[in-house]
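Q: One file: data-v1.pdb (PDB, C-alpha atoms, pLDDT in the B column).
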ATOM      1  CA  MET A   7     -85.769  92.852-125.146  1.00 77.00           C
ATOM      2  CA  ILE A   8     -89.244  94.405-125.082  1.00 91.00           C
ATOM      3  CA  PRO A   9     -91.727  92.274-123.079  1.00 95.00           C
ATOM      4  CA  VAL A  10     -94.133  90.256-125.219  1.00 97.00           C
ATOM      5  CA  ALA A  11     -97.148  92.055-123.710  1.00 97.00           C
ATOM      6  CA  PHE A  12     -95.803  95.419-124.864  1.00 98.00           C
ATOM      7  CA  ARG A  13     -95.071  94.007-128.340  1.00 98.00           C
ATOM      8  CA  LEU A  14     -98.585  92.577-128.649  1.00 98.00           C
ATOM      9  CA  VAL A  15    -100.235  95.892-127.791  1.00 98.00           C
ATOM     10  CA  ALA A  16     -97.829  97.685-130.154  1.00 98.00           C
ATOM     11  CA  ALA A  17     -98.606  95.156-132.893  1.00 98.00           C
ATOM     12  CA  VAL A  18    -102.333  95.910-132.679  1.00 98.00           C
ATOM     13  CA  ALA A  19    -101.515  99.643-132.932  1.00 98.00           C
ATOM     14  CA  ASN A  20     -99.237  98.853-135.897  1.00 98.00           C
ATOM     15  CA  ALA A  21    -102.087  96.964-137.583  1.00 98.00           C
ATOM     16  CA  HIS A  22    -104.256 100.061-137.073  1.00 98.00           C
ATOM     17  CA  GLU A  23    -101.596 102.173-138.796  1.00 98.00           C
ATOM     18  CA  ARG A  24    -101.721  99.729-141.721  1.00 98.00           C
ATOM     19  CA  GLY A  25    -105.487 100.263-142.087  1.00 98.00           C
ATOM     20  CA  TRP A  26    -106.786  97.409-139.932  1.00 98.00           C
ATOM     21  CA  GLN A  27    -108.515  99.350-137.138  1.00 97.00           C
ATOM     22  CA  GLY A  28    -111.082  96.600-136.555  1.00 95.00           C
ATOM     23  CA  ILE A  29    -108.506  94.513-134.692  1.00 96.00           C
ATOM     24  CA  ARG A  30    -108.701  94.840-130.903  1.00 95.00           C
ATOM     25  CA  ILE A  31    -106.919  93.465-127.843  1.00 95.00           C
ATOM     26  CA  ASN A  32    -108.282  92.689-124.377  1.00 91.00           C
ATOM     27  CA  ALA A  33    -106.018  91.612-121.532  1.00 91.00           C
ATOM     28  CA  ASN A  34    -106.296  90.235-118.010  1.00 87.00           C
ATOM     29  CA  LEU A  35    -103.878  89.678-115.172  1.00 81.00           C
ATOM     30  CA  TYR A  36    -104.705  86.383-113.513  1.00 79.00           C
ATOM     31  CA  ALA A  37    -104.185  85.306-109.913  1.00 76.00           C
ATOM     32  CA  THR A  38    -101.238  83.203-111.090  1.00 82.00           C
ATOM     33  CA  GLY A  39     -99.503  86.434-112.114  1.00 83.00           C
ATOM     34  CA  HIS A  40     -99.792  85.684-115.819  1.00 88.00           C
ATOM     35  CA  TRP A  41    -100.787  88.426-118.260  1.00 93.00           C
ATOM     36  CA  ARG A  42    -103.190  86.985-120.807  1.00 93.00           C
ATOM     37  CA  CYS A  43    -104.714  88.553-123.868  1.00 94.00           C
ATOM     38  CA  ARG A  44    -107.048  87.923-126.753  1.00 94.00           C
ATOM     39  CA  VAL A  45    -106.597  89.694-130.074  1.00 96.00           C
ATOM     40  CA  PHE A  46    -109.904  89.666-131.908  1.00 94.00           C
ATOM     41  CA  VAL A  47    -112.236  91.336-134.424  1.00 94.00           C
ATOM     42  CA  PRO A  48    -115.635  92.234-132.941  1.00 88.00           C
ATOM     43  CA  GLU A  49    -118.596  91.975-135.276  1.00 79.00           C
ATOM     44  CA  PRO A  50    -120.239  95.254-136.319  1.00 71.00           C
ATOM     45  CA  GLY A  51    -123.367  95.974-134.345  1.00 64.00           C
ATOM     46  CA  GLU A  52    -122.529  93.611-131.498  1.00 59.00           C
ATOM     47  CA  THR A  53    -124.295  94.826-128.408  1.00 46.00           C
ATOM     48  CA  HIS A  54    -122.860  94.547-124.945  1.00 45.00           C
ATOM     49  CA  ASP A  55    -124.255  94.440-121.462  1.00 44.00           C
ATOM     50  CA  SER A  56    -120.855  95.742-120.363  1.00 43.00           C
ATOM     51  CA  PRO A  57    -117.846  97.312-122.067  1.00 46.00           C
ATOM     52  CA  LEU A  58    -116.435  93.797-122.564  1.00 47.00           C
ATOM     53  CA  GLU A  59    -116.952  92.640-126.142  1.00 50.00           C
ATOM     54  CA  ARG A  60    -117.975  89.079-126.816  1.00 61.00           C
ATOM     55  CA  GLU A  61    -114.563  88.769-128.435  1.00 70.00           C
ATOM     56  CA  SER A  62    -115.794  87.288-131.685  1.00 76.00           C
ATOM     57  CA  ASN A  63    -113.265  86.169-134.291  1.00 90.00           C
ATOM     58  CA  VAL A  64    -110.311  85.603-131.971  1.00 93.00           C
ATOM     59  CA  VAL A  65    -106.991  85.617-133.859  1.00 96.00           C
ATOM     60  CA  LEU A  66    -104.756  85.072-130.802  1.00 97.00           C
ATOM     61  CA  ARG A  67    -105.098  83.735-127.270  1.00 95.00           C
ATOM     62  CA  TYR A  68    -101.857  84.326-125.402  1.00 97.00           C
ATOM     63  CA  SER A  69    -100.595  83.835-121.853  1.00 94.00           C
ATOM     64  CA  SER A  70     -97.272  85.076-120.584  1.00 95.00           C
ATOM     65  CA  ALA A  71     -96.809  81.524-119.300  1.00 93.00           C
ATOM     66  CA  GLY A  72     -95.919  80.709-122.933  1.00 93.00           C
ATOM     67  CA  GLY A  73     -93.050  83.189-122.941  1.00 94.00           C
ATOM     68  CA  GLU A  74     -91.818  84.221-126.383  1.00 96.00           C
ATOM     69  CA  ASP A  75     -93.730  81.408-128.152  1.00 97.00           C
ATOM     70  CA  VAL A  76     -96.722  83.634-128.889  1.00 97.00           C
ATOM     71  CA  PHE A  77     -98.624  81.305-131.231  1.00 97.00           C
ATOM     72  CA  GLN A  78     -97.355  78.097-129.572  1.00 95.00           C
ATOM     73  CA  ASP A  79     -95.722  77.047-132.817  1.00 96.00           C
ATOM     74  CA  GLY A  80     -92.114  77.104-131.643  1.00 96.00           C
ATOM     75  CA  ARG A  81     -91.337  80.506-133.168  1.00 96.00           C
ATOM     76  CA  THR A  82     -89.867  82.964-130.674  1.00 96.00           C
ATOM     77  CA  ASP A  83     -88.518  85.787-132.863  1.00 96.00           C
ATOM     78  CA  TRP A  84     -91.713  87.861-133.095  1.00 96.00           C
ATOM     79  CA  THR A  85     -91.285  91.611-133.566  1.00 97.00           C
ATOM     80  CA  THR A  86     -93.993  94.240-133.452  1.00 97.00           C
ATOM     81  CA  GLU A  87     -94.060  94.314-137.253  1.00 98.00           C
ATOM     82  CA  THR A  88     -94.190  90.534-137.743  1.00 98.00           C
ATOM     83  CA  LEU A  89     -96.898  90.216-135.105  1.00 98.00           C
ATOM     84  CA  ALA A  90     -98.957  92.945-136.794  1.00 98.00           C
ATOM     85  CA  GLY A  91     -98.568  91.170-140.122  1.00 98.00           C
ATOM     86  CA  ARG A  92     -99.709  87.883-138.597  1.00 98.00           C
ATOM     87  CA  PHE A  93    -102.716  89.558-136.946  1.00 98.00           C
ATOM     88  CA  ILE A  94    -103.708  91.084-140.279  1.00 98.00           C
ATOM     89  CA  GLU A  95    -103.308  87.728-142.025  1.00 98.00           C
ATOM     90  CA  LEU A  96    -105.503  85.971-139.460  1.00 98.00           C
ATOM     91  CA  ALA A  97    -108.068  88.803-139.336  1.00 98.00           C
ATOM     92  CA  ARG A  98    -108.318  89.225-143.133  1.00 97.00           C
ATOM     93  CA  PRO A  99    -111.321  86.824-143.497  1.00 96.00           C
ATOM     94  CA  HIS A 100    -113.381  89.053-141.166  1.00 95.00           C
ATOM     95  CA  ALA A 101    -114.741  92.078-143.041  1.00 93.00           C
ATOM     96  CA  ALA A 102    -114.904  94.179-139.867  1.00 93.00           C
ATOM     97  CA  ALA A 103    -111.123  93.931-139.435  1.00 96.00           C
ATOM     98  CA  SER A 104    -110.430  96.517-142.114  1.00 96.00           C
ATOM     99  CA  GLU A 105    -113.298  98.843-141.214  1.00 95.00           C
ATOM    100  CA  PRO A 106    -112.404 102.132-139.524  1.00 95.00           C
ATOM    101  CA  ASP A 107    -112.721 102.194-135.749  1.00 94.00           C
ATOM    102  CA  PRO A 108    -111.259 105.608-134.886  1.00 96.00           C
ATOM    103  CA  GLY A 109    -112.580 105.579-131.311  1.00 94.00           C
ATOM    104  CA  TYR A 110    -110.691 102.426-130.410  1.00 94.00           C
ATOM    105  CA  ALA A 111    -107.587 103.350-132.431  1.00 97.00           C
ATOM    106  CA  THR A 112    -107.437 106.706-130.625  1.00 97.00           C
ATOM    107  CA  TRP A 113    -107.950 104.999-127.253  1.00 96.00           C
ATOM    108  CA  LEU A 114    -105.110 102.537-127.927  1.00 98.00           C
ATOM    109  CA  ALA A 115    -102.798 105.309-129.166  1.00 98.00           C
ATOM    110  CA  GLU A 116    -103.483 107.282-125.965  1.00 97.00           C
ATOM    111  CA  LEU A 117    -102.801 104.213-123.832  1.00 97.00           C
ATOM    112  CA  ARG A 118     -99.488 103.663-125.623  1.00 98.00           C
ATOM    113  CA  ARG A 119     -98.565 107.347-125.206  1.00 97.00           C
ATOM    114  CA  ARG A 120     -99.369 107.383-121.498  1.00 96.00           C
ATOM    115  CA  THR A 121     -97.515 104.123-120.805  1.00 97.00           C
ATOM    116  CA  ALA A 122     -94.520 104.896-123.083  1.00 97.00           C
ATOM    117  CA  GLY A 123     -95.321 101.814-125.151  1.00 97.00           C
ATOM    118  CA  GLY A 124     -96.638  99.673-122.319  1.00 97.00           C
ATOM    119  CA  ALA A 125     -99.742  97.547-121.946  1.00 97.00           C
ATOM    120  CA  PHE A 126    -102.880  97.225-119.821  1.00 94.00           C
ATOM    121  CA  TRP A 127    -105.116  94.718-118.126  1.00 90.00           C
ATOM    122  CA  MET A 128    -108.738  94.584-117.112  1.00 83.00           C
ATOM    123  CA  ALA A 129    -108.909  93.909-113.371  1.00 67.00           C
ATOM    124  CA  GLU A 130    -111.916  91.917-112.240  1.00 58.00           C
ATOM    125  CA  ASP A 131    -111.709  90.895-108.625  1.00 51.00           C
ATOM    126  CA  SER A 132    -115.102  91.581-107.105  1.00 47.00           C
ATOM    127  CA  MET A 133    -113.703  90.981-103.635  1.00 44.00           C
ATOM    128  CA  SER A 134    -111.349  93.940-103.827  1.00 49.00           C
ATOM    129  CA  ARG A 135    -111.165  97.491-105.088  1.00 49.00           C
ATOM    130  CA  GLN A 136    -109.640  96.161-108.305  1.00 52.00           C
ATOM    131  CA  ALA A 137    -113.059  95.444-109.831  1.00 54.00           C
ATOM    132  CA  LEU A 138    -112.298  98.117-112.375  1.00 59.00           C
ATOM    133  CA  TRP A 139    -113.422  96.881-115.780  1.00 60.00           C
ATOM    134  CA  ARG A 140    -117.124  96.278-115.349  1.00 62.00           C
ATOM    135  CA  GLU A 141    -117.897  98.072-112.115  1.00 66.00           C
ATOM    136  CA  ARG A 142    -115.778 101.193-112.569  1.00 71.00           C
ATOM    137  CA  GLY A 143    -115.141 101.300-116.330  1.00 79.00           C
ATOM    138  CA  LEU A 144    -111.343 101.435-115.937  1.00 83.00           C
ATOM    139  CA  VAL A 145    -108.313  99.445-117.059  1.00 89.00           C
ATOM    140  CA  CYS A 146    -104.993  99.209-115.197  1.00 89.00           C
ATOM    141  CA  LEU A 147    -101.979 100.601-117.011  1.00 94.00           C
ATOM    142  CA  TRP A 148     -98.651  98.780-117.224  1.00 95.00           C
ATOM    143  CA  TYR A 149     -95.931 101.324-117.876  1.00 97.00           C
ATOM    144  CA  ALA A 150     -92.905 100.546-120.048  1.00 97.00           C
ATOM    145  CA  ASP A 151     -90.931 103.323-118.364  1.00 95.00           C
ATOM    146  CA  PRO A 152     -90.933 104.463-114.711  1.00 94.00           C
ATOM    147  CA  GLY A 153     -90.730 108.063-115.903  1.00 95.00           C
ATOM    148  CA  ALA A 154     -93.987 107.636-117.813  1.00 95.00           C
ATOM    149  CA  LYS A 155     -95.641 106.317-114.670  1.00 95.00           C
ATOM    150  CA  ARG A 156     -94.479 109.330-112.669  1.00 93.00           C
ATOM    151  CA  ALA A 157     -95.533 111.734-115.439  1.00 94.00           C
ATOM    152  CA  ASP A 158     -98.968 110.099-115.671  1.00 93.00           C
ATOM    153  CA  ALA A 159     -99.685 110.286-111.922  1.00 92.00           C
ATOM    154  CA  THR A 160    -102.300 112.910-111.123  1.00 87.00           C
ATOM    155  CA  GLY A 161    -103.303 112.068-107.576  1.00 86.00           C
ATOM    156  CA  ALA A 162    -106.939 112.006-108.737  1.00 83.00           C
ATOM    157  CA  VAL A 163    -109.393 109.900-106.755  1.00 80.00           C
ATOM    158  CA  ASP A 164    -112.851 108.573-107.520  1.00 73.00           C
ATOM    159  CA  GLN A 165    -116.027 109.015-105.473  1.00 76.00           C
ATOM    160  CA  ASN A 166    -114.898 106.227-103.112  1.00 72.00           C
ATOM    161  CA  GLY A 167    -111.543 107.843-102.451  1.00 74.00           C
ATOM    162  CA  TRP A 168    -109.638 105.242-104.496  1.00 73.00           C
ATOM    163  CA  THR A 169    -106.759 106.497-106.578  1.00 75.00           C
ATOM    164  CA  LEU A 170    -107.183 106.770-110.324  1.00 81.00           C
ATOM    165  CA  ASP A 171    -103.424 106.802-110.900  1.00 87.00           C
ATOM    166  CA  GLY A 172    -102.367 104.003-113.210  1.00 90.00           C
ATOM    167  CA  THR A 173    -105.788 103.679-114.809  1.00 90.00           C
ATOM    168  CA  MET A 174    -107.730 104.938-117.796  1.00 90.00           C
ATOM    169  CA  ARG A 175    -111.232 104.478-119.126  1.00 89.00           C
ATOM    170  CA  VAL A 176    -112.118 101.203-120.851  1.00 86.00           C
ATOM    171  CA  PRO A 177    -112.013 101.287-124.646  1.00 88.00           C
ATOM    172  CA  PRO A 178    -115.146 102.483-126.422  1.00 87.00           C
ATOM    173  CA  ALA A 179    -117.538  99.873-127.795  1.00 81.00           C
ATOM    174  CA  ARG A 180    -117.430  99.324-131.525  1.00 79.00           C
TER     175      ARG A 180
END
Go ahead and render the structure in this file as structure tokens.
A:
Amino acid sequence: MIPVAFRLVAAVANAHERGWQGIRINANLYATGHWRCRVFVPEPGETHDSPLERESNVVLRYSSAGGEDVFQDGRTDWTTETLAGRFIELARPHAAASEPDPGYATWLAELRRRTAGGAFWMAEDSMSRQALWRERGLVCLWYADPGAKRADATGAVDQNGWTLDGTMRVPPAR
């Protein structure tokens, strides 16, 4: 079965394909090892001090600690399509959800291509080189296929000599 994290990212991309490009996903990997995400609809014109949106209009808060029970309602048979439909249903009251956001939709499509349908997380550990999201403007990629990881490796390094393999730029602001 496809991991929930991969299905959630795919569901946001599926919602984009259905005309709901205003729906976004942000994800973190916590010290406990849990992948957590928020699916949300940022308000138009929101300004940011960093690439991290304020995450207005959250339609899902999920932790991998919950396993297949994505909405904590006992349902565990979520597919990419049913998740996308639920996101659209929950986002429908927010006008920005159906507004075009081609920059983000393109970013998410590229992430899915590079990871072969995988996911990502925003690393924020200021005590290590993983302070990628705010300090370096990068997200960590989680590959669905080892071949995609090998194909995506470039050996590129940043100005500090840290590898850029397994990363990509943060999504563009709305």
Q: Ranking A:Ala179, A:Ile29, A:Val65, A:Ala125 by minimum distance to Glu105 in chain A and counting all atoms listed in the file, which one comes first?
A: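 Checking each candidate against Glu105 in chain A, we get A:Ile29 as the closest.
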Q: So which one's closest to Arg180 in chain A, A:Glu49, A:Glu95, A:Asp151, A:Glu74? Using only C-alpha atoms, please.
A: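 Under the stated criterion, the closest residue is A:Glu49.
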Q: Assuming the chain letters and numbering stay as they are in my file, what does the PyMOL selection byres ((chain A and resi 40-46) around 8) actually select? List them as a ChimeraX atom specification.
A: /A:11,18,29-39,47-48,61-71,93,97,127
Q: Go ahead and dump the residues you just picked, C-alpha atoms, as a short mmCIF file (atom, residue, chain, number, x, y, z; two decimals), keeping the file's coordinate frame.
A:
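Saved file again.cif follows:
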data_model
loop_
_atom_site.label_atom_id
_atom_site.label_comp_id
_atom_site.auth_asym_id
_atom_site.auth_seq_id
_atom_site.Cartn_x
_atom_site.Cartn_y
_atom_site.Cartn_z
CA ALA A 11 -97.15 92.06 -123.71
CA VAL A 18 -102.33 95.91 -132.68
CA ILE A 29 -108.51 94.51 -134.69
CA ARG A 30 -108.70 94.84 -130.90
CA ILE A 31 -106.92 93.46 -127.84
CA ASN A 32 -108.28 92.69 -124.38
CA ALA A 33 -106.02 91.61 -121.53
CA ASN A 34 -106.30 90.24 -118.01
CA LEU A 35 -103.88 89.68 -115.17
CA TYR A 36 -104.70 86.38 -113.51
CA ALA A 37 -104.18 85.31 -109.91
CA THR A 38 -101.24 83.20 -111.09
CA GLY A 39 -99.50 86.43 -112.11
CA VAL A 47 -112.24 91.34 -134.42
CA PRO A 48 -115.64 92.23 -132.94
CA GLU A 61 -114.56 88.77 -128.44
CA SER A 62 -115.79 87.29 -131.68
CA ASN A 63 -113.26 86.17 -134.29
CA VAL A 64 -110.31 85.60 -131.97
CA VAL A 65 -106.99 85.62 -133.86
CA LEU A 66 -104.76 85.07 -130.80
CA ARG A 67 -105.10 83.74 -127.27
CA TYR A 68 -101.86 84.33 -125.40
CA SER A 69 -100.60 83.84 -121.85
CA SER A 70 -97.27 85.08 -120.58
CA ALA A 71 -96.81 81.52 -119.30
CA PHE A 93 -102.72 89.56 -136.95
CA ALA A 97 -108.07 88.80 -139.34
CA TRP A 127 -105.12 94.72 -118.13
#
Q: Extending 4 Å beyond the listed atoms of range 17-30 of chain A on each side, what axis-aligned box results? I want centre and edge lengths in Å to one decimal, as JSON.
A:
{"center_x": -104.8, "center_y": 98.3, "center_z": -136.5, "size_x": 20.5, "size_y": 15.7, "size_z": 19.2}
Q: So which one's closest to Ala17 in chain A, A:Gln165, A:Ser104, A:Thr85, A:Thr121? Using only C-alpha atoms, please.
A: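 Nearest to Ala17 in chain A: A:Thr85.
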Q: Starting from the shown file, work through the PyMOL selection byres ((chain A and resi 27) around 7) and note down what comes out as an MDAnalysis selection string.
A: chainID A and resid 21:22 25:26 28:29 103:107 111
Q: Save out the residues we just selected, C-alpha atoms, as a PDB file, in the frame of the given file.
A:
ATOM      1  CA  ALA A  21    -102.087  96.964-137.583  1.00 98.00           C
ATOM      2  CA  HIS A  22    -104.256 100.061-137.073  1.00 98.00           C
ATOM      3  CA  GLY A  25    -105.487 100.263-142.087  1.00 98.00           C
ATOM      4  CA  TRP A  26    -106.786  97.409-139.932  1.00 98.00           C
ATOM      5  CA  GLY A  28    -111.082  96.600-136.555  1.00 95.00           C
ATOM      6  CA  ILE A  29    -108.506  94.513-134.692  1.00 96.00           C
ATOM      7  CA  ALA A 103    -111.123  93.931-139.435  1.00 96.00           C
ATOM      8  CA  SER A 104    -110.430  96.517-142.114  1.00 96.00           C
ATOM      9  CA  GLU A 105    -113.298  98.843-141.214  1.00 95.00           C
ATOM     10  CA  PRO A 106    -112.404 102.132-139.524  1.00 95.00           C
ATOM     11  CA  ASP A 107    -112.721 102.194-135.749  1.00 94.00           C
ATOM     12  CA  ALA A 111    -107.587 103.350-132.431  1.00 97.00           C
TER      13      ALA A 111
END
Q: Out of A:Arg156, A:Phe12, A:Asp164, A:Arg118, which residue has the shortest atom-to-atom distance to Leu144 in chain A when counting all atoms listed in the file?
A: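 Of A:Arg156, A:Phe12, A:Asp164, A:Arg118, the one nearest Leu144 in chain A is A:Asp164, counting all atoms listed in the file.
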Q: Could you tell me which of A:Cys146, A:Ala154, A:Ala19, A:Val10 comes closest to Gly172 in chain A if we count all atoms listed in the file?
A: A:Cys146
Q: Calculate how many Å separate CA of Tyr110 in chain A from CA of Val176 in chain A, rounding to one decimal.
A: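 Spanning CA of Tyr110 in chain A to CA of Val176 in chain A is a straight-line distance of 9.7 Å.
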Q: For CA of Arg92 in chain A and CA of Asp79 in chain A, quote the distance in Å rounded to one decimal.
A: 12.9 Å
Q: Tell me which protein, DNA and RNA residues are within 12 Å of Thr82 in chain A, counting all atoms listed in the file, leaving out same-chain ones fewer than 5 positions away, and put them as a ChimeraX atom specification.
A: /A:10,72-77,88-89
Q: So which residues touch Lys155 in chain A within 12 Å, counting all atoms listed in the file, skipping near sequence neighbours fewer than 4 positions away, as a VMD selection string?
A: chain A and resid 117 to 124 146 to 151 159 to 161 171 to 173
Q: Calculate how many Å separate CA of Gly109 in chain A from CA of Leu96 in chain A, rounding to one decimal.
A: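 Computing it gives 22.4 Å between the two atoms.
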